[in-house]
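Data file: upload-v6.pdb. Format and content: PDB, C-alpha atoms.
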ATOM      1  CA  MET S   1     -43.340 -36.558 -45.895
ATOM      2  CA  ASN S   2     -41.393 -34.083 -48.025
ATOM      3  CA  THR S   3     -43.901 -34.593 -50.840
ATOM      4  CA  VAL S   4     -46.785 -33.582 -48.581
ATOM      5  CA  ILE S   5     -44.936 -30.464 -47.448
ATOM      6  CA  LEU S   6     -44.129 -29.545 -51.047
ATOM      7  CA  LEU S   7     -47.763 -30.102 -52.042
ATOM      8  CA  LEU S   8     -49.014 -27.899 -49.192
ATOM      9  CA  HIS S   9     -46.575 -25.138 -50.139
ATOM     10  CA  GLY S  10     -47.752 -25.424 -53.755
ATOM     11  CA  ILE S  11     -51.399 -25.139 -52.740
ATOM     12  CA  SER S  12     -50.550 -22.170 -50.550
ATOM     13  CA  GLY S  13     -48.726 -20.500 -53.428
ATOM     14  CA  ILE S  14     -51.543 -21.039 -55.919
ATOM     15  CA  PHE S  15     -54.135 -19.594 -53.569
ATOM     16  CA  GLY S  16     -51.723 -16.773 -52.745
ATOM     17  CA  LEU S  17     -51.642 -15.872 -56.444
ATOM     18  CA  VAL S  18     -55.450 -15.930 -56.554
ATOM     19  CA  GLY S  19     -55.417 -13.530 -53.602
ATOM     20  CA  LEU S  20     -52.951 -11.250 -55.386
ATOM     21  CA  VAL S  21     -55.192 -11.099 -58.470
ATOM     22  CA  CYS S  22     -58.161 -10.213 -56.241
ATOM     23  CA  PHE S  23     -56.029  -7.534 -54.554
ATOM     24  CA  VAL S  24     -55.310  -5.971 -57.946
ATOM     25  CA  LEU S  25     -59.015  -6.080 -58.885
ATOM     26  CA  VAL S  26     -60.014  -4.334 -55.657
ATOM     27  CA  VAL S  27     -57.313  -1.669 -56.035
ATOM     28  CA  VAL S  28     -58.509  -1.013 -59.599
ATOM     29  CA  LYS S  29     -62.048  -0.599 -58.211
ATOM     30  CA  MET S  30     -60.681   1.889 -55.679
ATOM     31  CA  PHE S  31     -59.272   4.045 -58.466
ATOM     32  CA  GLN S  32     -62.439   3.692 -60.565
ATOM     33  CA  ASN S  33     -64.545   4.928 -57.637
ATOM     34  CA  ASN S  34     -62.380   7.988 -56.922
ATOM     35  CA  GLN S  35     -60.714   6.441 -53.874
ATOM     36  CA  THR S  36     -57.265   7.344 -55.196
ATOM     37  CA  GLY S  37     -55.698   7.878 -51.775
ATOM     38  CA  LEU S  38     -56.917   4.517 -50.571
ATOM     39  CA  GLY S  39     -55.624   2.800 -53.706
ATOM     40  CA  ILE S  40     -52.198   4.432 -53.422
ATOM     41  CA  ALA S  41     -52.030   3.603 -49.702
ATOM     42  CA  SER S  42     -52.849  -0.047 -50.438
ATOM     43  CA  ILE S  43     -50.117  -0.266 -53.065
ATOM     44  CA  VAL S  44     -47.481   1.600 -51.040
ATOM     45  CA  LEU S  45     -48.209  -0.315 -47.827
ATOM     46  CA  LEU S  46     -48.269  -3.732 -49.521
ATOM     47  CA  PRO S  47     -44.561  -4.422 -48.831
ATOM     48  CA  CYS S  48     -44.913  -3.161 -45.232
ATOM     49  CA  CYS S  49     -45.789  -6.493 -43.592
ATOM     50  CA  GLY S  50     -48.821  -6.814 -45.857
ATOM     51  CA  ILE S  51     -50.638  -3.830 -44.339
ATOM     52  CA  GLY S  52     -51.789  -2.694 -47.787
ATOM     53  CA  TYR S  53     -53.138  -6.178 -48.489
ATOM     54  CA  LEU S  54     -55.189  -6.146 -45.282
ATOM     55  CA  LEU S  55     -56.291  -2.541 -45.880
ATOM     56  CA  ALA S  56     -57.624  -3.443 -49.316
ATOM     57  CA  LEU S  57     -59.260  -6.605 -47.956
ATOM     58  CA  VAL S  58     -61.102  -4.734 -45.203
ATOM     59  CA  MET S  59     -62.094  -1.781 -47.384
ATOM     60  CA  GLY S  60     -63.163  -4.159 -50.139
ATOM     61  CA  TRP S  61     -65.594  -5.804 -47.727
ATOM     62  CA  VAL S  62     -66.806  -2.432 -46.458
ATOM     63  CA  LYS S  63     -67.483  -1.191 -49.999
ATOM     64  CA  SER S  64     -68.415  -4.535 -51.589
ATOM     65  CA  GLY S  65     -72.095  -3.649 -51.965
ATOM     66  CA  GLU S  66     -71.414  -0.175 -53.298
ATOM     67  CA  TRP S  67     -68.717  -1.315 -55.745
ATOM     68  CA  ASN S  68     -70.501  -4.589 -56.652
ATOM     69  CA  ILE S  69     -67.499  -6.789 -55.836
ATOM     70  CA  GLY S  70     -69.099  -9.276 -53.450
ATOM     71  CA  ASN S  71     -67.993 -12.317 -55.466
ATOM     72  CA  VAL S  72     -64.419 -11.050 -55.686
ATOM     73  CA  MET S  73     -64.364 -10.536 -51.924
ATOM     74  CA  LEU S  74     -65.681 -14.044 -51.256
ATOM     75  CA  ILE S  75     -63.041 -15.563 -53.535
ATOM     76  CA  TRP S  76     -60.309 -13.390 -52.006
ATOM     77  CA  THR S  77     -61.268 -14.247 -48.430
ATOM     78  CA  GLY S  78     -61.411 -17.966 -49.213
ATOM     79  CA  ALA S  79     -58.077 -17.853 -51.032
ATOM     80  CA  PHE S  80     -56.501 -15.922 -48.152
ATOM     81  CA  LEU S  81     -57.699 -18.445 -45.574
ATOM     82  CA  VAL S  82     -56.648 -21.509 -47.593
ATOM     83  CA  SER S  83     -53.233 -20.006 -48.336
ATOM     84  CA  PHE S  84     -52.694 -19.029 -44.702
ATOM     85  CA  VAL S  85     -53.753 -22.405 -43.293
ATOM     86  CA  THR S  86     -51.878 -24.601 -45.802
ATOM     87  CA  GLY S  87     -48.742 -22.471 -45.513
ATOM     88  CA  GLY S  88     -48.893 -22.681 -41.735
ATOM     89  CA  ILE S  89     -49.368 -26.442 -41.749
ATOM     90  CA  ALA S  90     -46.510 -26.911 -44.215
ATOM     91  CA  GLY S  91     -44.248 -24.714 -42.114
ATOM     92  CA  ALA S  92     -45.124 -26.582 -38.932
ATOM     93  CA  MET S  93     -44.606 -29.972 -40.578
ATOM     94  CA  GLY S  94     -41.243 -29.416 -42.136
ATOM     95  CA  GLY S  95     -39.668 -26.036 -42.213
ATOM     96  CA  LEU S  96     -39.556 -25.280 -38.528
ATOM     97  CA  GLY S  97     -38.627 -28.602 -36.950
ATOM     98  CA  THR S  98     -35.579 -29.619 -38.976
ATOM     99  CA  HIS S  99     -33.610 -26.400 -38.686
ATOM    100  CA  SER S 100     -34.336 -25.704 -35.045
ATOM    101  CA  SER S 101     -33.063 -29.075 -33.835
ATOM    102  CA  THR S 102     -29.716 -28.695 -35.623
ATOM    103  CA  THR S 103     -29.370 -25.136 -34.344
ATOM    104  CA  PHE S 104     -29.913 -26.188 -30.761
ATOM    105  CA  GLN S 105     -27.492 -29.085 -31.145
ATOM    106  CA  THR S 106     -24.817 -26.687 -32.363
ATOM    107  CA  VAL S 107     -25.469 -24.267 -29.506
ATOM    108  CA  GLY S 108     -25.433 -27.136 -27.003
ATOM    109  CA  GLN S 109     -22.105 -28.363 -28.345
ATOM    110  CA  SER S 110     -20.534 -24.901 -28.275
ATOM    111  CA  VAL S 111     -21.348 -24.446 -24.563
ATOM    112  CA  GLN S 112     -20.441 -28.097 -23.910
ATOM    113  CA  PHE S 113     -23.846 -29.008 -22.545
ATOM    114  CA  ARG S 114     -24.206 -32.660 -21.595
ATOM    115  CA  PRO S 115     -27.677 -33.975 -20.743
TER     116      PRO S 115
END

Show the structure stored in the file as C-alpha cells.
Amino acid sequence: MNTVILLLHGISGIFGLVGLVCFVLVVVKMFQNNQTGLGIASIVLLPCCGIGYLLALVMGWVKSGEWNIGNVMLIWTGAFLVSFVTGGIAGAMGGLGTHSSTTFQTVGQSVQFRP
C-alpha cells in the first residue's frame, strides 16, 4: 500500500510541476500584453495560499482567446485537476489515517480514557 501512495504522490508532483510551468508561461504572457499589475499580483500572491496561482488560472482563461494561449490553459487545467485529485487520494489513503490514530491514542491515554 505504501508503494501506491508513493506513486500517487509522484504523479501529483509531476503534474504539479507541469502546472507551475504553465503558470510561468501565463505570467510571461501577462507582461507581454501590458498587464504588468496582473503579472506582479500573480507572482506576489503565489505564496499566499496559492491565490496568485488561481488568479493567473482564471485570468488566463478569460484572456485565452486574446492572448492565443488556449492550449496552455487546457494543459494547465488538466494538470491542476490531476495533481489535486491524486494528491487528495494519496493523502486520504496514507498520510491522514496513520498519524491521527496514534495522536488520539496518546490523548486517550493522557486523560486515562478506557472504552

For the point (-54.6, -15.9, -46.5) in the file's frame, write as a PyMOL selection string all residues with an atom no more than 12 Å away, counting only C-alpha atoms.
chain S and resi 11-20+22-23+50+53-54+57+75-88

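Between Ala56 of chain S and the candidates S:Leu38, S:Leu74, S:Ile89, S:Val4, the tightest atom-to-atom separation, counting all atoms listed in the file, involves S:Leu38.
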
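For the atom pair formed by atom CA of Val44 of chain S and atom CA of Val21 of chain S, the distance is 16.6 Å, given to one decimal.
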
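We find atom CA of Asn71 of chain S and atom CA of Ala90 of chain S to be spaced 28.3 Å apart.
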
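Take atom CA of Gln32 of chain S and atom CA of Trp67 of chain S: the distance between them is 9.4 Å.
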
Would you list the contacts of Ser42 of chain S as a PyMOL selection string, taking every protein, DNA or RNA residue within 12 Å and counting only C-alpha atoms, but skipping same-chain residues closer than 3 positions in sequence?
chain S and resi 23-24+26-28+30-31+35-39+45-60

Counting only C-alpha atoms, the option among S:Ile40, S:Met93, S:Val72, S:Val62 closest to His9 of chain S:
S:Met93

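Distances to Trp61 of chain S were evaluated for S:Gly10, S:Lys29, S:Met73, S:Ile43 using only C-alpha atoms, and the minimum falls at S:Met73.
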